[in-house]
$ cat run_4.json   # JSON, C-alpha atoms and all ligand atoms
[["chain", "number", "residue", "atom", "x", "y", "z"],
["A", 1, "MET", "CA", 104.43, 75.86, 94.46],
["A", 2, "GLU", "CA", 101.00, 77.49, 94.56],
["A", 3, "ALA", "CA", 98.38, 75.59, 92.55],
["A", 4, "THR", "CA", 96.51, 77.61, 89.92],
["A", 5, "SER", "CA", 93.43, 76.72, 87.90],
["A", 6, "LYS", "CA", 94.71, 75.31, 84.59],
["A", 7, "ILE", "CA", 97.73, 73.66, 83.02],
["A", 8, "TRP", "CA", 98.27, 73.51, 79.26],
["A", 9, "MET", "CA", 99.06, 69.90, 78.35],
["A", 10, "ASN", "CA", 99.50, 68.54, 74.84],
["A", 11, "GLY", "CA", 97.26, 71.15, 73.23],
["A", 12, "GLU", "CA", 94.55, 71.39, 75.89],
["A", 13, "LEU", "CA", 93.88, 73.44, 79.00],
["A", 14, "ILE", "CA", 93.16, 70.98, 81.78],
["A", 15, "ASP", "CA", 92.57, 71.28, 85.51],
["A", 16, "TRP", "CA", 95.73, 71.62, 87.62],
["A", 17, "ASP", "CA", 95.03, 68.38, 89.50],
["A", 18, "ASP", "CA", 94.49, 66.38, 86.30],
["A", 19, "ALA", "CA", 97.92, 67.11, 84.77],
["A", 20, "ARG", "CA", 99.40, 63.67, 85.40],
["A", 21, "VAL", "CA", 101.77, 61.19, 83.76],
["A", 22, "HIS", "CA", 102.57, 57.52, 84.33],
["A", 23, "VAL", "CA", 105.55, 56.63, 86.54],
["A", 24, "GLY", "CA", 106.98, 54.79, 83.52],
["A", 25, "VAL", "CA", 107.64, 57.94, 81.46],
["A", 26, "HIS", "CA", 111.15, 57.98, 80.01],
["A", 27, "GLY", "CA", 111.85, 61.53, 81.18],
["A", 28, "LEU", "CA", 111.40, 60.58, 84.84],
["A", 29, "HIS", "CA", 113.96, 57.77, 84.61],
["A", 30, "TYR", "CA", 116.65, 59.36, 82.44],
["A", 31, "GLY", "CA", 116.10, 63.13, 82.62],
["A", 32, "THR", "CA", 115.18, 63.23, 78.92],
["A", 33, "GLY", "CA", 113.34, 66.50, 79.02],
["A", 34, "VAL", "CA", 113.91, 70.16, 78.26],
["A", 35, "PHE", "CA", 112.33, 73.09, 80.04],
["A", 36, "GLU", "CA", 112.21, 76.86, 80.36],
["A", 37, "GLY", "CA", 111.76, 79.38, 83.14],
["A", 38, "ILE", "CA", 109.95, 82.55, 82.07],
["A", 39, "ARG", "CA", 108.40, 85.45, 83.94],
["A", 40, "CYS", "CA", 105.31, 87.54, 83.26],
["A", 41, "TYR", "CA", 105.22, 90.99, 84.88],
["A", 42, "GLU", "CA", 102.51, 93.61, 85.32],
["A", 43, "THR", "CA", 103.32, 96.62, 83.15],
["A", 44, "PRO", "CA", 101.46, 99.88, 82.48],
["A", 45, "THR", "CA", 100.16, 98.44, 79.18],
["A", 46, "GLY", "CA", 99.03, 95.12, 80.65],
["A", 47, "SER", "CA", 100.68, 91.90, 81.77],
["A", 48, "ALA", "CA", 103.69, 91.11, 79.60],
["A", 49, "VAL", "CA", 105.83, 88.00, 79.30],
["A", 50, "PHE", "CA", 109.50, 88.87, 79.10],
["A", 51, "ARG", "CA", 111.11, 87.58, 75.88],
["A", 52, "LEU", "CA", 108.57, 84.78, 75.47],
["A", 53, "LYS", "CA", 109.52, 84.00, 71.88],
["A", 54, "GLU", "CA", 113.24, 83.75, 72.71],
["A", 55, "HIS", "CA", 112.50, 81.34, 75.59],
["A", 56, "MET", "CA", 110.35, 79.12, 73.36],
["A", 57, "GLN", "CA", 113.06, 79.22, 70.69],
["A", 58, "ARG", "CA", 115.62, 78.12, 73.31],
["A", 59, "LEU", "CA", 113.23, 75.29, 74.32],
["A", 60, "HIS", "CA", 113.28, 74.13, 70.70],
["A", 61, "ASN", "CA", 117.07, 74.43, 70.51],
["A", 62, "SER", "CA", 117.45, 72.43, 73.73],
["A", 63, "ALA", "CA", 115.12, 69.75, 72.35],
["A", 64, "LYS", "CA", 117.10, 69.50, 69.13],
["A", 65, "LEU", "CA", 120.30, 68.99, 71.10],
["A", 66, "ILE", "CA", 118.84, 65.96, 72.93],
["A", 67, "HIS", "CA", 116.98, 64.49, 69.90],
["A", 68, "LEU", "CA", 113.52, 65.38, 71.20],
["A", 69, "GLU", "CA", 110.90, 66.48, 68.69],
["A", 70, "ILE", "CA", 108.46, 68.97, 70.18],
["A", 71, "PRO", "CA", 105.21, 68.66, 68.21],
["A", 72, "TYR", "CA", 104.39, 72.38, 68.58],
["A", 73, "SER", "CA", 106.06, 75.32, 66.88],
["A", 74, "VAL", "CA", 107.54, 78.29, 68.75],
["A", 75, "GLU", "CA", 104.51, 80.34, 67.74],
["A", 76, "GLU", "CA", 102.06, 77.65, 68.90],
["A", 77, "LEU", "CA", 103.81, 77.51, 72.28],
["A", 78, "ARG", "CA", 103.71, 81.29, 72.53],
["A", 79, "GLN", "CA", 99.96, 81.25, 71.84],
["A", 80, "ALA", "CA", 99.47, 78.41, 74.34],
["A", 81, "THR", "CA", 101.21, 80.51, 77.00],
["A", 82, "HIS", "CA", 98.90, 83.44, 76.30],
["A", 83, "ASP", "CA", 95.85, 81.13, 76.53],
["A", 84, "LEU", "CA", 97.09, 79.65, 79.81],
["A", 85, "LEU", "CA", 97.75, 83.01, 81.45],
["A", 86, "ALA", "CA", 94.40, 84.38, 80.34],
["A", 87, "ALA", "CA", 92.63, 81.24, 81.64],
["A", 88, "ASN", "CA", 94.39, 81.44, 85.00],
["A", 89, "GLY", "CA", 94.00, 85.23, 85.27],
["A", 90, "LEU", "CA", 97.52, 85.64, 86.63],
["A", 91, "PRO", "CA", 98.73, 89.24, 86.15],
["A", 92, "SER", "CA", 102.28, 88.29, 87.14],
["A", 93, "CYS", "CA", 103.70, 84.80, 87.42],
["A", 94, "TYR", "CA", 106.48, 82.34, 86.68],
["A", 95, "ILE", "CA", 105.95, 80.13, 83.62],
["A", 96, "ARG", "CA", 107.43, 76.65, 83.25],
["A", 97, "PRO", "CA", 107.16, 74.97, 79.83],
["A", 98, "ILE", "CA", 108.55, 71.43, 79.75],
["A", 99, "ALA", "CA", 108.74, 68.79, 77.02],
["A", 100, "PHE", "CA", 109.88, 65.27, 77.81],
["A", 101, "SER", "CA", 110.06, 61.76, 76.48],
["A", 102, "GLY", "CA", 106.88, 59.99, 77.51],
["A", 103, "TYR", "CA", 105.53, 56.49, 78.10],
["A", 104, "GLY", "CA", 106.66, 53.78, 75.71],
["A", 105, "ARG", "CA", 109.98, 52.01, 75.73],
["A", 106, "LEU", "CA", 112.07, 52.19, 78.88],
["A", 107, "GLY", "CA", 115.45, 51.33, 77.40],
["A", 108, "VAL", "CA", 117.98, 54.15, 77.51],
["A", 109, "SER", "CA", 117.20, 55.18, 73.93],
["A", 110, "ALA", "CA", 114.12, 57.37, 73.77],
["A", 111, "LYS", "CA", 113.57, 56.66, 70.06],
["A", 112, "GLY", "CA", 109.91, 56.24, 69.16],
["A", 113, "ASN", "CA", 108.49, 57.42, 72.49],
["A", 114, "PRO", "CA", 105.79, 60.09, 72.45],
["A", 115, "VAL", "CA", 106.81, 63.60, 73.53],
["A", 116, "GLU", "CA", 104.70, 65.24, 76.25],
["A", 117, "THR", "CA", 104.50, 69.03, 76.15],
["A", 118, "VAL", "CA", 103.28, 70.96, 79.17],
["A", 119, "ILE", "CA", 103.12, 74.59, 80.30],
["A", 120, "MET", "CA", 102.51, 75.48, 83.94],
["A", 121, "ALA", "CA", 102.23, 78.95, 85.50],
["A", 122, "TRP", "CA", 101.98, 80.01, 89.11],
["A", 123, "PRO", "CA", 102.72, 83.06, 91.26],
["A", 124, "TRP", "CA", 106.37, 83.13, 92.32],
["A", 125, "GLY", "CA", 107.99, 86.08, 94.05],
["A", 126, "THR", "CA", 111.71, 86.72, 94.21],
["A", 127, "TYR", "CA", 113.76, 83.51, 93.82],
["A", 128, "LEU", "CA", 116.34, 84.23, 96.50],
["A", 129, "GLY", "CA", 114.18, 86.61, 98.57],
["A", 130, "ASP", "CA", 113.66, 90.40, 98.60],
["A", 131, "GLU", "CA", 116.54, 90.78, 101.02],
["A", 132, "ALA", "CA", 118.84, 89.06, 98.49],
["A", 133, "LEU", "CA", 117.93, 91.54, 95.75],
["A", 134, "LYS", "CA", 118.72, 94.45, 98.04],
["A", 135, "ASN", "CA", 121.66, 93.34, 100.17],
["A", 136, "GLY", "CA", 123.05, 90.44, 98.16],
["A", 137, "ILE", "CA", 123.79, 86.82, 98.92],
["A", 138, "ARG", "CA", 126.78, 84.78, 100.07],
["A", 139, "ALA", "CA", 128.08, 82.35, 97.46],
["A", 140, "LYS", "CA", 130.54, 79.49, 97.54],
["A", 141, "ILE", "CA", 132.62, 77.94, 94.78],
["A", 142, "SER", "CA", 131.34, 74.42, 94.34],
["A", 143, "SER", "CA", 133.41, 71.25, 94.55],
["A", 144, "TRP", "CA", 131.20, 70.05, 91.67],
["A", 145, "GLN", "CA", 132.48, 71.06, 88.24],
["A", 146, "ARG", "CA", 130.11, 72.44, 85.60],
["A", 147, "ILE", "CA", 129.35, 69.85, 82.94],
["A", 148, "SER", "CA", 131.34, 70.50, 79.78],
["A", 149, "ALA", "CA", 130.47, 70.57, 76.09],
["A", 150, "ASN", "CA", 131.43, 66.96, 75.33],
["A", 151, "ILE", "CA", 129.78, 65.44, 78.41],
["A", 152, "VAL", "CA", 126.29, 66.72, 77.60],
["A", 153, "PRO", "CA", 125.45, 69.83, 75.58],
["A", 154, "HIS", "CA", 125.53, 72.53, 78.25],
["A", 155, "VAL", "CA", 123.80, 74.89, 75.82],
["A", 156, "ALA", "CA", 120.62, 72.82, 76.35],
["A", 157, "LYS", "CA", 118.36, 73.58, 79.28],
["A", 158, "ALA", "CA", 117.80, 69.87, 79.76],
["A", 159, "SER", "CA", 116.27, 68.26, 82.85],
["A", 160, "GLY", "CA", 119.06, 65.70, 83.43],
["A", 161, "ILE", "CA", 121.71, 68.42, 83.46],
["A", 162, "TYR", "CA", 120.14, 69.95, 86.55],
["A", 163, "LEU", "CA", 121.46, 67.17, 88.74],
["A", 164, "ASN", "CA", 124.75, 69.07, 88.36],
["A", 165, "SER", "CA", 123.11, 72.31, 89.56],
["A", 166, "MET", "CA", 121.14, 70.59, 92.32],
["A", 167, "LEU", "CA", 124.25, 69.00, 93.82],
["A", 168, "ALA", "CA", 126.11, 72.31, 93.71],
["A", 169, "VAL", "CA", 123.39, 74.42, 95.36],
["A", 170, "THR", "CA", 122.66, 71.74, 97.98],
["A", 171, "GLU", "CA", 126.35, 71.57, 98.90],
["A", 172, "ALA", "CA", 126.49, 75.38, 99.19],
["A", 173, "GLN", "CA", 123.33, 75.59, 101.29],
["A", 174, "ASN", "CA", 124.46, 72.77, 103.59],
["A", 175, "ALA", "CA", 127.63, 74.77, 104.20],
["A", 176, "GLY", "CA", 125.59, 77.87, 105.14],
["A", 177, "TYR", "CA", 125.76, 79.80, 101.84],
["A", 178, "GLU", "CA", 122.86, 80.81, 99.61],
["A", 179, "GLU", "CA", 124.18, 79.91, 96.16],
["A", 180, "ALA", "CA", 126.94, 77.98, 94.41],
["A", 181, "ILE", "CA", 129.32, 79.09, 91.67],
["A", 182, "LEU", "CA", 130.48, 76.32, 89.38],
["A", 183, "LEU", "CA", 133.87, 76.20, 87.67],
["A", 184, "THR", "CA", 134.61, 74.36, 84.44],
["A", 185, "PRO", "CA", 136.87, 71.28, 84.44],
["A", 186, "GLU", "CA", 139.63, 73.71, 83.30],
["A", 187, "GLY", "CA", 139.07, 75.77, 86.45],
["A", 188, "THR", "CA", 137.54, 78.83, 84.84],
["A", 189, "VAL", "CA", 134.36, 80.47, 86.10],
["A", 190, "ALA", "CA", 131.12, 79.15, 84.57],
["A", 191, "ASP", "CA", 127.85, 80.14, 86.25],
["A", 192, "GLY", "CA", 125.61, 79.74, 89.29],
["A", 193, "SER", "CA", 123.33, 76.75, 89.78],
["A", 194, "GLY", "CA", 120.56, 78.67, 88.03],
["A", 195, "GLU", "CA", 122.11, 82.02, 87.08],
["A", 196, "ASN", "CA", 124.76, 83.59, 84.88],
["A", 197, "LEU", "CA", 127.48, 85.69, 86.46],
["A", 198, "PHE", "CA", 128.89, 89.19, 85.95],
["A", 199, "VAL", "CA", 131.99, 90.79, 87.48],
["A", 200, "VAL", "CA", 132.57, 94.55, 87.78],
["A", 201, "LYS", "CA", 136.17, 95.81, 87.92],
["A", 202, "ASN", "CA", 137.30, 99.41, 87.51],
["A", 203, "GLY", "CA", 133.94, 100.42, 86.06],
["A", 204, "GLU", "CA", 133.95, 97.75, 83.31],
["A", 205, "ILE", "CA", 131.87, 94.59, 83.21],
["A", 206, "TYR", "CA", 133.00, 91.02, 82.50],
["A", 207, "THR", "CA", 131.05, 87.81, 82.00],
["A", 208, "PRO", "CA", 132.26, 84.31, 81.07],
["A", 209, "ASP", "CA", 132.01, 83.70, 77.34],
["A", 210, "LEU", "CA", 129.63, 81.15, 75.87],
["A", 211, "SER", "CA", 132.31, 78.49, 75.40],
["A", 212, "THR", "CA", 132.84, 78.16, 79.17],
["A", 213, "GLY", "CA", 130.09, 75.64, 79.94],
["A", 214, "ILE", "CA", 127.38, 78.20, 80.60],
["A", 215, "LEU", "CA", 123.74, 78.25, 79.67],
["A", 216, "PRO", "CA", 123.20, 81.04, 77.10],
["A", 217, "GLY", "CA", 121.01, 83.03, 79.46],
["A", 218, "ILE", "CA", 118.34, 85.30, 78.07],
["A", 219, "THR", "CA", 118.74, 87.61, 81.07],
["A", 220, "ARG", "CA", 122.53, 87.62, 80.48],
["A", 221, "GLU", "CA", 122.01, 88.69, 76.88],
["A", 222, "SER", "CA", 119.45, 91.34, 77.90],
["A", 223, "ILE", "CA", 121.82, 92.71, 80.55],
["A", 224, "MET", "CA", 124.75, 92.90, 78.14],
["A", 225, "ARG", "CA", 122.60, 95.13, 75.92],
["A", 226, "ILE", "CA", 121.13, 97.19, 78.78],
["A", 227, "ALA", "CA", 124.56, 97.70, 80.40],
["A", 228, "GLY", "CA", 126.09, 98.66, 77.05],
["A", 229, "GLU", "CA", 123.37, 101.25, 76.50],
["A", 230, "LEU", "CA", 123.92, 102.59, 80.03],
["A", 231, "GLY", "CA", 127.46, 103.32, 78.87],
["A", 232, "TYR", "CA", 129.38, 100.42, 80.43],
["A", 233, "LYS", "CA", 131.96, 98.44, 78.49],
["A", 234, "VAL", "CA", 130.95, 94.77, 78.61],
["A", 235, "HIS", "CA", 133.50, 92.03, 77.89],
["A", 236, "GLN", "CA", 132.86, 88.31, 77.39],
["A", 237, "LYS", "CA", 136.01, 86.60, 78.53],
["A", 238, "ILE", "CA", 137.47, 83.71, 80.50],
["A", 239, "LEU", "CA", 137.50, 84.47, 84.23],
["A", 240, "ILE", "CA", 139.29, 82.65, 87.04],
["A", 241, "ARG", "CA", 138.28, 82.47, 90.69],
["A", 242, "SER", "CA", 140.75, 85.21, 91.70],
["A", 243, "ASP", "CA", 138.85, 87.56, 89.40],
["A", 244, "LEU", "CA", 135.83, 86.94, 91.61],
["A", 245, "TYR", "CA", 137.65, 87.48, 94.90],
["A", 246, "LEU", "CA", 139.28, 90.71, 93.65],
["A", 247, "ALA", "CA", 136.17, 92.10, 91.93],
["A", 248, "ASP", "CA", 134.68, 95.46, 92.89],
["A", 249, "GLU", "CA", 131.22, 93.94, 92.45],
["A", 250, "VAL", "CA", 129.78, 90.59, 91.36],
["A", 251, "PHE", "CA", 126.17, 89.85, 90.49],
["A", 252, "MET", "CA", 124.17, 86.89, 89.27],
["A", 253, "CYS", "CA", 121.31, 87.09, 86.83],
["A", 254, "GLY", "CA", 118.56, 84.88, 85.54],
["A", 255, "THR", "CA", 114.83, 84.86, 84.92],
["A", 256, "ALA", "CA", 114.19, 83.57, 88.44],
["A", 257, "ALA", "CA", 116.99, 85.43, 90.29],
["A", 258, "GLU", "CA", 116.62, 88.63, 88.20],
["A", 259, "VAL", "CA", 119.71, 90.69, 89.17],
["A", 260, "THR", "CA", 121.07, 89.51, 92.52],
["A", 261, "PRO", "CA", 124.25, 91.04, 93.99],
["A", 262, "LEU", "CA", 126.84, 88.82, 95.67],
["A", 263, "ARG", "CA", 127.82, 90.06, 99.11],
["A", 264, "SER", "CA", 130.70, 87.64, 99.45],
["A", 265, "ILE", "CA", 132.29, 84.68, 97.68],
["A", 266, "ASP", "CA", 134.04, 82.00, 99.75],
["A", 267, "ASP", "CA", 133.94, 84.53, 102.63],
["A", 268, "HIS", "CA", 135.83, 87.19, 100.64],
["A", 269, "GLU", "CA", 133.71, 90.30, 101.21],
["A", 270, "ILE", "CA", 132.64, 92.05, 98.01],
["A", 271, "GLY", "CA", 129.70, 94.28, 98.81],
["A", 272, "VAL", "CA", 126.84, 95.65, 96.79],
["A", 273, "GLY", "CA", 127.96, 98.48, 94.53],
["A", 274, "PRO", "CA", 126.58, 101.21, 92.28],
["A", 275, "VAL", "CA", 127.05, 99.42, 88.96],
["A", 276, "THR", "CA", 125.05, 96.39, 90.10],
["A", 277, "GLN", "CA", 122.39, 98.70, 91.54],
["A", 278, "ALA", "CA", 122.13, 100.69, 88.29],
["A", 279, "ILE", "CA", 121.85, 97.51, 86.21],
["A", 280, "GLN", "CA", 119.36, 95.93, 88.58],
["A", 281, "LYS", "CA", 117.15, 99.02, 88.38],
["A", 282, "ALA", "CA", 117.39, 99.22, 84.60],
["A", 283, "TYR", "CA", 116.58, 95.51, 84.27],
["A", 284, "LEU", "CA", 113.55, 95.67, 86.60],
["A", 285, "ASP", "CA", 112.34, 98.84, 84.85],
["A", 286, "THR", "CA", 112.64, 96.99, 81.55],
["A", 287, "VAL", "CA", 110.71, 93.87, 82.54],
["A", 288, "LYS", "CA", 108.04, 95.93, 84.33],
["A", 289, "GLY", "CA", 107.65, 98.38, 81.45],
["A", 290, "GLN", "CA", 108.79, 101.37, 83.51],
["A", 291, "THR", "CA", 110.71, 102.49, 80.44],
["A", 292, "ASP", "CA", 109.62, 102.78, 76.81],
["A", 293, "LYS", "CA", 112.86, 101.10, 75.76],
["A", 294, "TYR", "CA", 113.02, 97.43, 74.77],
["A", 295, "ALA", "CA", 109.23, 97.26, 74.20],
["A", 296, "GLU", "CA", 109.87, 94.43, 71.72],
["A", 297, "TRP", "CA", 110.95, 92.23, 74.68],
["A", 298, "ARG", "CA", 107.60, 92.61, 76.46],
["A", 299, "ASP", "CA", 104.99, 90.26, 75.00],
["A", 300, "VAL", "CA", 101.68, 91.67, 76.24],
["A", 301, "VAL", "CA", 99.09, 88.96, 76.96],
["A", 302, "PRO", "CA", 95.68, 89.72, 75.43],
["A", 303, "GLY", "CA", 92.74, 88.86, 77.65],
["A", 304, "LEU", "CA", 94.50, 89.63, 80.92],
["A", 305, "GLN", "CA", 93.34, 92.58, 83.00],
["A", 306, "ARG", "CA", 95.18, 95.82, 82.33],
["A", 307, "ALA", "CA", 97.28, 96.75, 85.34],
["A", 308, "SER", "CA", 95.71, 99.62, 87.32],
["B", 401, "LIG", "C1", 122.57, 77.12, 84.91],
["B", 401, "LIG", "C2", 121.85, 78.38, 84.53],
["B", 401, "LIG", "N1", 122.54, 79.44, 84.09],
["B", 401, "LIG", "C3", 121.92, 80.58, 83.75],
["B", 401, "LIG", "C4", 120.54, 80.72, 83.83],
["B", 401, "LIG", "C5", 119.87, 82.01, 83.44],
["B", 401, "LIG", "O1", 119.14, 81.84, 82.26],
["B", 401, "LIG", "P1", 117.96, 82.83, 81.87],
["B", 401, "LIG", "O2", 118.47, 84.19, 82.04],
["B", 401, "LIG", "O3", 117.66, 82.52, 80.45],
["B", 401, "LIG", "O4", 116.85, 82.55, 82.79],
["B", 401, "LIG", "C6", 119.79, 79.65, 84.28],
["B", 401, "LIG", "C7", 118.34, 79.77, 84.39],
["B", 401, "LIG", "O5", 117.62, 79.13, 83.73],
["B", 401, "LIG", "C8", 120.45, 78.44, 84.62],
["B", 401, "LIG", "O6", 119.76, 77.39, 85.06]]

$ encode --input "run_4.json" --output "structure tokens"
Amino acid sequence: MEATSKIWMNGELIDWDDARVHVGVHGLHYGTGVFEGIRCYETPTGSAVFRLKEHMQRLHNSAKLIHLEIPYSVEELRQATHDLLAANGLPSCYIRPIAFSGYGRLGVSAKGNPVETVIMAWPWGTYLGDEALKNGIRAKISSWQRISANIVPHVAKASGIYLNSMLAVTEAQNAGYEEAILLTPEGTVADGSGENLFVVKNGEIYTPDLSTGILPGITRESIMRIAGELGYKVHQKILIRSDLYLADEVFMCGTAAEVTPLRSIDDHEIGVGPVTQAIQKAYLDTVKGQTDKYAEWRDVVPGLQRAS
């Protein structure tokens, strides 16, 4: 992670090195935090954060699901992000808001503890590498199952839940693959360790529906709309692992991974195809403002240099 100048912490912009907490904070011990991953891109009308309001709304939803009260509204967090990016002068970056149960009681219940709210931003290129965006990655079905709705609310982007993702991606990487695909306890396809998943078969597009243990991805939702408007039929449905092996194309998507093709799954060759390429281009054009469409998704940051 590349250090930048300022971090927004509990209502103030403070120096990067001063953004500290005590080792006794509840969130460190029990994973009682919620976070977001957001990207800001340079566009012809200035630097713009992609779907900032929707990300901050999901942060609030995640917090509600784990009984955490964030003391700032969605609009206040949106404004704080603008202030942070302007202070750091970052024309394009990754943004990481996090809210977590702070220092107080260290029993399992977080009741009564203060809530710490932080926003960080730093330059971050492609998540899986430029090569991955172009030629795809090799993925492996994980031996770890995706957490299910009555274990912890999978709809929440909560810190503790990411132990599930971390174990899956570590297992995949130790076995020589780049990313993991998690199945639900019922054996249906869920998502990647940090991405949603799409399958292309006979020119139509399929993605697991929201009941299958997945995070309701903002990129996933954006892509369903973009793909629909490109003329593809998009279905949300239950998928099994054979659907992946027999697919014409498979791609993963997320704020960090953007649109990343899968070259193979469990050593079944798939290959990068034209539908994935068309959607990847349309998505990158959208976030970078290379199209007039979807302007409402690009939240231009005042006070940041206009892109030349
Ligand atoms: C498990 C998981 N699925 C999907 C996604 C994609 O979500 P989004 O498109 O909102 O970044 C992420 C990324 O945060 C994730 O961690």

$ residues_around --input "run_4.json" --residues "A:Ile181" --least-positions-apart "5" --cutoff "9 Å" --atoms "all atoms listed in the file" --output "PyMOL selection string"
chain A and resi 139-142+168-169+172+189-193+197+265

$ atom_distance --input "run_4.json" --atom1 "atom CA of A:Ala278" --atom2 "atom CA of A:Asn202"
15.2 Å

$ residues_near_ligand --input "run_4.json" --ligand "ligand LIG 401 (chain B)" --cutoff "10 Å" --atoms "only C-alpha atoms and all ligand atoms" --output "ChimeraX atom specification"
/A:35-39,51,54-55,58,146,154-158,161-162,164-166,181-182,190-197,213-223,252-259

$ residues_around --input "run_4.json" --residues "A:Ser47" --least-positions-apart "2" --cutoff "9 Å" --atoms "all atoms listed in the file" --output "list in words"
Cys40, Tyr41, Glu42, Thr43, Pro44, Thr45, Val49, Leu90, Pro91, Ser92, Lys288, Arg298, Asp299, Val300, Val301, Pro302, Leu304, Gln305, Arg306 and Ala307 of chain A

$ atom_distance --input "run_4.json" --atom1 "atom CA of A:His29" --atom2 "atom CA of A:Ile7"
22.8 Å

$ closest_residue --input "run_4.json" --among "A:Pro123, A:Gly187, A:Pro153, A:Gly203" --to "A:Glu2" --atoms "all atoms listed in the file"
A:Pro123

$ atom_distance --input "run_4.json" --atom1 "atom CA of A:Leu210" --atom2 "atom CA of A:Val234"
14.0 Å

$ closest_residue --input "run_4.json" --among "A:Ala48, A:Leu77, A:Ala63, A:Leu133" --to "A:Val34" --atoms "only C-alpha atoms"
A:Ala63

$ axis_aligned_box --input "run_4.json" --around "stretch 109-119 of chain A" --padding-each-side "3 Å" --output "AutoDock Vina command-line options"
--center_x 110.2 --center_y 64.9 --center_z 74.7 --size_x 20.1 --size_y 25.4 --size_z 17.1

$ residues_around --input "run_4.json" --residues "A:Trp124" --least-positions-apart "5" --cutoff "8 Å" --atoms "all atoms listed in the file" --output "JSON list (two decimals) with C-alpha atoms, in the coordinates of the input"
[["chain", "number", "residue", "atom", "x", "y", "z"],
["A", 1, "MET", "CA", 104.43, 75.86, 94.46],
["A", 93, "CYS", "CA", 103.70, 84.80, 87.42],
["A", 94, "TYR", "CA", 106.48, 82.34, 86.68]]

$ decode --input "run_4.json" --residues "stretch 78-94 of chain A" --atoms "N, CA and C atoms" --output "CSV table (one decimal), in the first residue's frame"
chain,number,residue,atom,x,y,z
A,78,ARG,N,-20.0,10.7,1.8
A,78,ARG,CA,-19.7,11.1,0.4
A,78,ARG,C,-18.9,12.4,0.4
A,79,GLN,N,-19.3,13.3,1.2
A,79,GLN,CA,-18.6,14.6,1.3
A,79,GLN,C,-17.2,14.4,1.8
A,80,ALA,N,-17.1,13.5,2.8
A,80,ALA,CA,-15.8,13.3,3.5
A,80,ALA,C,-14.8,12.7,2.4
A,81,THR,N,-15.3,11.8,1.5
A,81,THR,CA,-14.5,11.2,0.5
A,81,THR,C,-14.0,12.3,-0.5
A,82,HIS,N,-14.9,13.2,-0.9
A,82,HIS,CA,-14.5,14.3,-1.7
A,82,HIS,C,-13.4,15.1,-1.1
A,83,ASP,N,-13.6,15.4,0.2
A,83,ASP,CA,-12.6,16.2,0.9
A,83,ASP,C,-11.2,15.5,1.0
A,84,LEU,N,-11.3,14.2,1.2
A,84,LEU,CA,-10.0,13.4,1.3
A,84,LEU,C,-9.3,13.4,0.0
A,85,LEU,N,-10.1,13.2,-1.1
A,85,LEU,CA,-9.4,13.1,-2.4
A,85,LEU,C,-8.8,14.4,-2.8
A,86,ALA,N,-9.6,15.5,-2.5
A,86,ALA,CA,-9.0,16.8,-2.9
A,86,ALA,C,-7.8,17.1,-2.0
A,87,ALA,N,-7.8,16.7,-0.8
A,87,ALA,CA,-6.6,17.0,0.1
A,87,ALA,C,-5.4,16.2,-0.3
A,88,ASN,N,-5.7,15.0,-0.8
A,88,ASN,CA,-4.5,14.1,-1.2
A,88,ASN,C,-4.1,14.4,-2.7
A,89,GLY,N,-5.0,15.1,-3.4
A,89,GLY,CA,-4.7,15.4,-4.8
A,89,GLY,C,-4.5,14.1,-5.7
A,90,LEU,N,-5.3,13.1,-5.4
A,90,LEU,CA,-5.1,11.8,-6.2
A,90,LEU,C,-6.2,11.8,-7.3
A,91,PRO,N,-5.7,11.9,-8.6
A,91,PRO,CA,-6.6,11.9,-9.7
A,91,PRO,C,-7.3,10.6,-9.9
A,92,SER,N,-6.6,9.5,-9.6
A,92,SER,CA,-7.3,8.2,-9.6
A,92,SER,C,-6.7,7.4,-8.5
A,93,CYS,N,-7.6,6.6,-7.8
A,93,CYS,CA,-7.2,5.9,-6.6
A,93,CYS,C,-8.2,4.9,-6.2
A,94,TYR,N,-7.8,4.1,-5.2
A,94,TYR,CA,-8.7,3.1,-4.6
A,94,TYR,C,-9.1,3.8,-3.2
